[in-house]
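Structure data (compact mmCIF, C-alpha atoms) from model.txt:
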# COMPACT_ATOMS: atom_id res chain seq x y z
CA MET L 906 -111.21 1.21 -65.56
CA ASN L 907 -112.63 3.78 -67.97
CA LYS L 908 -115.81 4.38 -65.98
CA TYR L 909 -113.81 5.06 -62.84
CA LEU L 910 -111.49 7.46 -64.63
CA TRP L 911 -114.35 9.34 -66.28
CA THR L 912 -116.14 9.64 -62.94
CA LEU L 913 -112.92 10.88 -61.39
CA ILE L 914 -112.26 13.39 -64.17
CA LEU L 915 -115.79 14.81 -64.03
CA GLY L 916 -115.73 14.98 -60.24
CA GLY L 917 -112.34 16.65 -60.30
CA MET L 918 -113.54 19.22 -62.83
CA CYS L 919 -116.53 20.04 -60.65
CA LEU L 920 -114.39 20.47 -57.56
CA TRP L 921 -111.85 22.48 -59.50
CA GLY L 922 -114.61 24.82 -60.63
CA LEU L 923 -115.97 25.18 -57.12
CA ALA L 924 -112.50 25.79 -55.71
CA THR L 925 -111.89 28.45 -58.36
CA VAL L 926 -115.15 30.27 -57.70
CA PHE L 927 -114.73 29.88 -53.95
CA PRO L 928 -110.92 29.86 -53.54
CA GLY L 929 -110.92 29.01 -49.87
CA GLY L 930 -113.80 26.57 -49.98
CA GLY L 931 -115.85 29.26 -48.29
CA PHE L 932 -119.21 28.08 -49.57
CA LEU L 933 -119.00 25.35 -46.92
CA ILE L 934 -117.03 27.10 -44.15
CA GLU L 935 -116.92 30.85 -43.66
CA HIS L 936 -113.46 32.23 -44.45
CA PRO L 937 -111.50 28.97 -44.04
CA GLY L 938 -107.76 29.24 -44.38
CA GLU L 939 -107.83 33.00 -44.02
CA GLY L 940 -104.28 34.20 -43.58
CA ASN L 941 -102.52 30.90 -44.36
CA GLY L 942 -102.37 31.43 -48.13
CA PHE L 943 -103.59 27.92 -48.91
CA GLN L 944 -105.31 27.82 -52.32
CA TRP L 945 -106.93 25.19 -54.53
CA TYR L 946 -103.74 24.64 -56.53
CA HIS L 947 -101.91 23.80 -53.28
CA ALA L 948 -104.54 21.14 -52.65
CA VAL L 949 -104.10 19.77 -56.19
CA VAL L 950 -100.30 19.62 -55.93
CA LEU L 951 -100.33 17.98 -52.49
CA GLY L 952 -102.97 15.48 -53.63
CA ILE L 953 -100.96 14.50 -56.69
CA VAL L 954 -97.71 14.22 -54.71
CA GLU L 955 -99.44 12.06 -52.10
CA GLY L 956 -101.06 9.78 -54.66
CA VAL L 957 -97.97 9.34 -56.84
CA THR L 958 -95.55 8.67 -53.99
CA GLU L 959 -97.70 6.79 -51.45
CA TYR L 960 -97.20 3.32 -52.92
CA LEU L 961 -93.88 3.91 -54.68
CA PRO L 962 -90.79 3.09 -52.55
CA VAL L 963 -89.76 6.76 -52.36
CA SER L 964 -91.49 8.03 -49.17
CA SER L 965 -94.64 10.08 -49.58
CA THR L 966 -94.10 11.66 -46.15
CA GLY L 967 -90.70 12.98 -47.17
CA HIS L 968 -92.00 14.42 -50.44
CA LEU L 969 -95.02 16.02 -48.77
CA LEU L 970 -92.98 17.60 -45.98
CA LEU L 971 -90.63 19.23 -48.47
CA VAL L 972 -93.46 20.39 -50.73
CA GLN L 973 -95.29 21.87 -47.72
CA HIS L 974 -92.09 23.67 -46.73
CA PHE L 975 -91.64 25.20 -50.19
CA MET L 976 -95.30 26.26 -50.19
CA GLY L 977 -94.79 28.06 -46.89
CA LEU L 978 -97.46 26.04 -45.10
CA THR L 979 -95.31 25.21 -42.08
CA ALA L 980 -94.25 28.73 -41.06
CA THR L 981 -96.28 28.65 -37.82
CA LYS L 982 -96.81 25.92 -35.25
CA THR L 983 -100.55 25.80 -35.93
CA GLY L 984 -100.01 25.87 -39.68
CA LYS L 985 -97.51 23.00 -39.47
CA ALA L 986 -99.86 20.88 -37.34
CA ALA L 987 -102.70 21.49 -39.80
CA ALA L 988 -100.49 20.82 -42.85
CA ASP L 989 -99.19 17.56 -41.35
CA ALA L 990 -102.74 16.42 -40.56
CA TYR L 991 -103.93 17.47 -44.02
CA ALA L 992 -101.20 15.36 -45.63
CA VAL L 993 -102.43 12.32 -43.70
CA ILE L 994 -106.13 12.93 -44.31
CA ILE L 995 -105.76 13.11 -48.10
CA GLN L 996 -104.39 9.55 -47.92
CA ILE L 997 -108.07 8.60 -48.11
CA GLY L 998 -107.80 8.99 -51.88
CA ALA L 999 -104.82 6.61 -52.07
CA ILE L 1000 -106.65 4.09 -49.88
CA LEU L 1001 -109.72 4.18 -52.13
CA ALA L 1002 -107.52 3.71 -55.20
CA VAL L 1003 -106.07 0.45 -53.85
CA LEU L 1004 -109.49 -0.71 -52.65
CA SER L 1005 -110.86 -0.27 -56.17
CA LEU L 1006 -107.83 -1.78 -57.95
CA TYR L 1007 -107.72 -4.77 -55.60
CA ARG L 1008 -111.45 -4.96 -55.01
CA ARG L 1009 -111.56 -8.74 -55.46
CA ARG L 1010 -108.88 -9.35 -52.84
CA SER L 1011 -110.36 -6.66 -50.58
CA GLY L 1012 -113.79 -8.20 -51.03
CA ARG L 1013 -112.51 -11.60 -49.92
CA ILE L 1014 -111.00 -10.02 -46.82
CA ALA L 1015 -114.33 -8.33 -46.06
CA LEU L 1016 -116.18 -11.63 -46.52
CA GLY L 1017 -113.65 -13.33 -44.29
CA LEU L 1018 -114.29 -10.85 -41.51
CA ILE L 1019 -117.96 -11.84 -41.48
CA GLY L 1020 -117.15 -15.56 -41.60
CA ARG L 1021 -117.90 -16.26 -45.26
CA ASP L 1022 -114.39 -16.71 -46.67
CA PRO L 1023 -111.78 -18.66 -44.61
CA GLU L 1024 -108.89 -17.65 -46.88
CA GLY L 1025 -109.96 -14.02 -46.72
CA LEU L 1026 -110.09 -14.21 -42.93
CA ARG L 1027 -106.64 -15.78 -42.82
CA LEU L 1028 -105.19 -12.98 -44.94
CA ALA L 1029 -106.89 -10.40 -42.73
CA VAL L 1030 -105.24 -11.95 -39.67
CA MET L 1031 -101.83 -11.87 -41.37
CA LEU L 1032 -102.31 -8.20 -42.23
CA VAL L 1033 -103.26 -7.36 -38.65
CA ILE L 1034 -100.15 -9.17 -37.38
CA SER L 1035 -98.05 -7.08 -39.77
CA PHE L 1036 -99.79 -3.90 -38.65
CA ILE L 1037 -99.30 -4.31 -34.88
CA PRO L 1038 -95.55 -3.54 -34.47
CA ALA L 1039 -95.63 -0.13 -36.20
CA ALA L 1040 -98.93 0.73 -34.48
CA VAL L 1041 -97.47 0.06 -31.03
CA VAL L 1042 -94.23 1.93 -31.68
CA GLY L 1043 -96.10 4.80 -33.35
CA LEU L 1044 -98.47 5.23 -30.41
CA CYS L 1045 -95.63 5.11 -27.89
CA LEU L 1046 -93.09 7.26 -29.71
CA GLY L 1047 -95.18 9.22 -32.22
CA ASP L 1048 -94.62 12.63 -30.61
CA ARG L 1049 -90.87 12.09 -30.27
CA ILE L 1050 -90.63 10.92 -33.87
CA LYS L 1051 -92.41 14.05 -35.09
CA ALA L 1052 -90.27 16.28 -32.89
CA HIS L 1053 -86.89 14.86 -33.95
CA LEU L 1054 -87.27 13.20 -37.36
CA PHE L 1055 -89.75 15.35 -39.30
CA GLY L 1056 -87.13 17.65 -40.77
CA PRO L 1057 -85.18 18.03 -44.04
CA TRP L 1058 -81.95 16.40 -42.84
CA PRO L 1059 -83.56 13.23 -41.41
CA ILE L 1060 -85.63 12.93 -44.60
CA ALA L 1061 -82.54 13.25 -46.81
CA ILE L 1062 -80.74 10.62 -44.74
CA GLY L 1063 -83.77 8.33 -45.04
CA TRP L 1064 -83.80 8.73 -48.81
CA LEU L 1065 -80.07 7.98 -49.03
CA VAL L 1066 -80.21 4.89 -46.81
CA GLY L 1067 -83.27 3.55 -48.62
CA GLY L 1068 -81.64 4.11 -52.01
CA ILE L 1069 -78.54 2.19 -50.99
CA VAL L 1070 -80.65 -0.67 -49.65
CA ILE L 1071 -82.64 -0.87 -52.90
CA LEU L 1072 -79.44 -1.22 -54.91
CA MET L 1073 -78.60 -4.21 -52.69
CA MET L 1074 -81.99 -5.77 -53.46
CA PRO L 1075 -80.90 -8.15 -56.26
CA ASN L 1076 -78.97 -10.24 -53.74
CA LEU L 1077 -82.02 -10.44 -51.51
CA GLN L 1078 -84.27 -11.35 -54.44
CA ASN L 1079 -81.98 -14.19 -55.49
CA ARG L 1080 -82.50 -15.79 -52.09
CA SER L 1081 -86.27 -15.38 -52.27
CA LYS L 1082 -88.33 -18.53 -51.71
CA GLN L 1083 -91.23 -17.02 -53.65
CA ILE L 1084 -93.82 -17.39 -50.88
CA SER L 1085 -97.22 -16.26 -52.15
CA ILE L 1086 -99.77 -14.16 -50.32
CA GLU L 1087 -102.03 -17.20 -49.99
CA ASN L 1088 -99.53 -19.26 -47.98
CA ILE L 1089 -97.82 -16.55 -45.92
CA GLN L 1090 -97.42 -17.60 -42.28
CA TRP L 1091 -97.58 -15.51 -39.11
CA ARG L 1092 -93.77 -15.46 -38.79
CA GLN L 1093 -93.41 -13.87 -42.25
CA ALA L 1094 -96.26 -11.45 -41.49
CA LEU L 1095 -94.58 -10.43 -38.22
CA ALA L 1096 -91.24 -9.94 -39.99
CA ILE L 1097 -92.89 -7.60 -42.51
CA GLY L 1098 -94.51 -5.73 -39.62
CA LEU L 1099 -91.16 -5.29 -37.88
CA PHE L 1100 -89.70 -3.88 -41.09
CA GLN L 1101 -92.62 -1.45 -41.29
CA VAL L 1102 -91.45 0.07 -38.00
CA PHE L 1103 -88.45 1.52 -39.87
CA ALA L 1104 -90.91 3.49 -42.04
CA LEU L 1105 -91.79 5.65 -39.04
CA TRP L 1106 -88.59 7.48 -39.99
CA PRO L 1107 -89.78 9.88 -42.73
CA GLY L 1108 -87.80 9.33 -45.89
CA ILE L 1109 -87.48 5.58 -45.44
CA SER L 1110 -90.88 4.83 -47.05
CA ARG L 1111 -93.55 2.47 -45.74
CA SER L 1112 -93.79 0.79 -49.13
CA LEU L 1113 -90.04 0.22 -49.33
CA ALA L 1114 -89.81 -1.13 -45.77
CA THR L 1115 -92.67 -3.59 -46.24
CA ILE L 1116 -91.52 -4.69 -49.71
CA ILE L 1117 -88.03 -5.40 -48.35
CA GLY L 1118 -89.61 -7.15 -45.37
CA GLY L 1119 -91.63 -9.35 -47.70
CA ILE L 1120 -88.59 -10.27 -49.79
CA VAL L 1121 -86.48 -11.02 -46.71
CA ALA L 1122 -89.35 -13.17 -45.42
CA GLY L 1123 -89.22 -15.18 -48.66
CA MET L 1124 -91.85 -13.59 -50.89
CA GLY L 1125 -91.38 -12.81 -54.56
CA LEU L 1126 -91.12 -9.15 -55.52
CA VAL L 1127 -94.60 -8.84 -57.05
CA ALA L 1128 -96.21 -10.70 -54.13
CA ALA L 1129 -94.34 -8.51 -51.64
CA VAL L 1130 -95.58 -5.40 -53.44
CA GLU L 1131 -99.20 -6.58 -53.40
CA PHE L 1132 -98.97 -7.47 -49.70
CA SER L 1133 -97.50 -4.00 -49.09
CA PHE L 1134 -100.48 -2.44 -50.87
CA LEU L 1135 -102.96 -4.41 -48.78
CA LEU L 1136 -101.10 -3.69 -45.54
CA GLY L 1137 -101.23 -0.02 -46.48
CA LEU L 1138 -105.03 -0.15 -46.35
CA ILE L 1139 -104.86 -0.87 -42.62
CA THR L 1140 -101.84 1.27 -41.78
CA LEU L 1141 -102.92 4.32 -43.75
CA GLY L 1142 -106.54 3.89 -42.69
CA ALA L 1143 -105.59 3.81 -39.01
CA ALA L 1144 -103.29 6.83 -39.39
CA THR L 1145 -106.04 8.76 -41.18
CA VAL L 1146 -108.64 8.00 -38.51
CA TYR L 1147 -106.16 8.94 -35.78
CA GLU L 1148 -105.30 12.28 -37.40
CA MET L 1149 -108.93 13.10 -38.15
CA ALA L 1150 -109.86 12.41 -34.52
CA GLY L 1151 -107.08 14.62 -33.19
CA TYR L 1152 -106.74 17.33 -35.83
CA GLY L 1153 -109.82 17.10 -38.06
CA LEU L 1154 -111.37 20.28 -36.70
CA LEU L 1155 -108.06 22.11 -37.05
CA VAL L 1156 -107.81 21.05 -40.70
CA VAL L 1157 -111.36 22.28 -41.36
CA ALA L 1158 -110.63 25.55 -39.57
CA GLU L 1159 -107.45 26.10 -41.61
CA TYR L 1160 -108.50 24.75 -45.02
CA GLY L 1161 -112.27 24.37 -45.01
CA VAL L 1162 -113.98 21.26 -46.41
CA THR L 1163 -113.64 21.69 -50.17
CA LEU L 1164 -109.85 21.84 -50.28
CA PRO L 1165 -109.34 18.53 -48.43
CA LEU L 1166 -111.86 16.99 -50.84
CA VAL L 1167 -109.85 18.33 -53.79
CA GLY L 1168 -106.74 16.77 -52.27
CA ILE L 1169 -108.48 13.43 -51.80
CA ILE L 1170 -109.77 13.39 -55.39
CA CYS L 1171 -106.32 14.19 -56.79
CA SER L 1172 -104.73 11.64 -54.49
CA PHE L 1173 -107.11 8.98 -55.76
CA ALA L 1174 -106.36 9.74 -59.40
CA ALA L 1175 -102.61 9.88 -58.93
CA ALA L 1176 -102.50 6.73 -56.78
CA TRP L 1177 -104.59 4.81 -59.32
CA VAL L 1178 -102.16 5.62 -62.11
CA SER L 1179 -99.10 5.13 -59.89
CA VAL L 1180 -100.13 1.67 -58.65
CA LYS L 1181 -101.08 0.46 -62.13
CA TRP L 1182 -97.77 1.67 -63.52
CA LEU L 1183 -95.70 0.23 -60.65
CA VAL L 1184 -97.18 -3.26 -60.94
CA ALA L 1185 -96.67 -3.31 -64.72
CA TYR L 1186 -93.13 -1.95 -64.35
CA LEU L 1187 -92.08 -4.50 -61.72
CA HIS L 1188 -93.27 -7.37 -63.87
CA GLN L 1189 -90.50 -6.39 -66.30
CA ARG L 1190 -87.88 -4.72 -64.11
CA GLY L 1191 -86.71 -4.40 -60.52
CA LEU L 1192 -86.48 -1.57 -58.02
CA ALA L 1193 -83.10 -0.16 -59.07
CA LEU L 1194 -84.67 2.91 -60.71
CA PHE L 1195 -86.10 3.99 -57.35
CA GLY L 1196 -82.76 3.44 -55.65
CA TYR L 1197 -80.99 5.83 -58.02
CA TYR L 1198 -83.85 8.33 -57.73
CA ARG L 1199 -83.69 8.32 -53.92
CA ILE L 1200 -79.92 8.82 -53.85
CA LEU L 1201 -80.17 11.68 -56.36
CA LEU L 1202 -83.00 13.27 -54.38
CA ALA L 1203 -81.02 12.97 -51.15
CA ALA L 1204 -78.00 14.62 -52.80
CA VAL L 1205 -80.07 17.50 -54.20
CA THR L 1206 -81.78 18.02 -50.84
CA GLY L 1207 -78.42 18.01 -49.07
CA ILE L 1208 -77.03 20.63 -51.46
CA LEU L 1209 -80.10 22.85 -50.96
CA LEU L 1210 -79.69 22.54 -47.20
CA PHE L 1211 -76.00 23.43 -47.31
CA CYS L 1212 -76.76 26.46 -49.49
CA GLY L 1213 -79.48 27.63 -47.09
CA ILE L 1214 -82.17 27.39 -49.76
CA LEU L 1215 -84.09 24.74 -47.86
What is this structure when it is put down as structure tokens?
Amino acid sequence: MNKYLWTLILGGMCLWGLATVFPGGGFLIEHPGEGNGFQWYHAVVLGIVEGVTEYLPVSSTGHLLLVQHFMGLTATKTGKAAADAYAVIIQIGAILAVLSLYRRRSGRIALGLIGRDPEGLRLAVMLVISFIPAAVVGLCLGDRIKAHLFGPWPIAIGWLVGGIVILMMPNLQNRSKQISIENIQWRQALAIGLFQVFALWPGISRSLATIIGGIVAGMGLVAAVEFSFLLGLITLGAATVYEMAGYGLLVVAEYGVTLPLVGIICSFAAAWVSVKWLVAYLHQRGLALFGYYRILLAAVTGILLFCGIL
């Protein structure tokens, strides 16, 4: 772990220095981000928010949308499109964090895909089955979801609903059959995938939806969390590729190349710490803390909306 952290720290310091000397990342792209006010510290904050919240059951999308709003990055239609794509692209850091933390499991999946590990191949198939429902719904309704649900009120409602559901979790956990990742069947994988569809509503949280799906399907809490992490590799990876294909050039035009790299580095660091902490925490305690946090966050957001601050 130490070598990864030291590499990350040194790399982050280098990028921080470059971003400070060339505030807009202009040594790679001439005058990127001119007029949008996006600076290196915005990239750092967004990267940390993404990394910390991506795998916690609190909705990274909801947090990022609100942070972008407070930063003034969504004032124009073009700026909002670029900011939304930027938030997805910096997920690369969170993906790499899970790949490195679960490199043994990820390695077995990779070996399975080339026919050298039957159990790894079986897990890969289960993950693909879980991925399909949200992918289909997202492709069919993605534009409508962004048009109607990517706003403060839907996010606050998502936080509130998710918080209430978490506080109901003990009853679900008591009925858990403790199915492990190794013996999960396609029916359980499909059930988790159907639950992931709910996460297309920003504020619900992909991690929360898939963890609940795993528990309902009969998995233990820790196993459900690990499966959620692994499923995130596919889901987040696909979303990142999709956004880069559609909006990659817009992101570069708005923010340059350096600032997305800063976001990715910070996302990696924050996700590494967040995942390590979450796994250790759940070995001792449940999800109730996140339920109370979500309800409190929904209440604060609602108050800010009523007061016209947000």
Per-axis box centre and lengths in Å around region 1122-1129 of chain L, 5 Å margin per side, axis-aligned, as AutoDock Vina command-line options:
--center_x -92.7 --center_y -11.8 --center_z -51.2 --size_x 17.0 --size_y 16.7 --size_z 21.6
Name the residues within 12 Å of (-79.3, 15.8, -52.1), counting only C-alpha atoms in the file's coordinates, and put them as a PyMOL selection string.
chain L and resi 1057-1065+1068+1197-1212+1215
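Minimum atom-to-atom distance to Gly952 (chain L), evaluated using only C-alpha atoms, belongs to L:Ile997 out of L:Ile997, L:Val1157, L:Ala1122, L:Val1180.
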Between L:Val1127, L:Met1074, L:Ala1144, L:Ile1117, which is the closest to Leu1105 (chain L) once you count all atoms listed in the file?
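Checking each of L:Val1127, L:Met1074, L:Ala1144, L:Ile1117 against Leu1105 (chain L), counting all atoms listed in the file, the winner is L:Ala1144.
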Do a neighbour search on region 1024-1041 of chain L at 10 Å with all atoms listed in the file, toss out local chain neighbours closer than 6 positions, and write the hits as a PyMOL selection string.
chain L and resi 1010-1018+1047+1086-1105+1115+1132-1133+1135-1140+1143-1144
Compute the distance from (-103.7, 18.1, -50.3) to each atom, counting only C-alpha atoms, keep the residues with any atom at most 9 Å away, and return them as a ChimeraX atom specification; use the coordinates of the file.
/L:945,947-955,988,991-996,1164-1169,1171-1172
Which value, in Å to one decimal, gives the distance between CA of Val1146 (chain L) and CA of Leu978 (chain L)?
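Atom-to-atom, CA of Val1146 (chain L) and CA of Leu978 (chain L) are spaced 22.2 Å apart.
Interatomic distance, CA of Tyr1160 (chain L) to CA of Gly984 (chain L): 10.1 Å.
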Quick one, how far is CA of Ser964 (chain L) from CA of Gln944 (chain L)?
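Separation between CA of Ser964 (chain L) and CA of Gln944 (chain L): 24.3 Å.
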Pick from L:Val963, L:Ala1175, L:Leu970, L:Ala980 nearest to Ile1116 (chain L), counting only C-alpha atoms:
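The shortest atom-to-atom distance to Ile1116 (chain L) comes from L:Val963.
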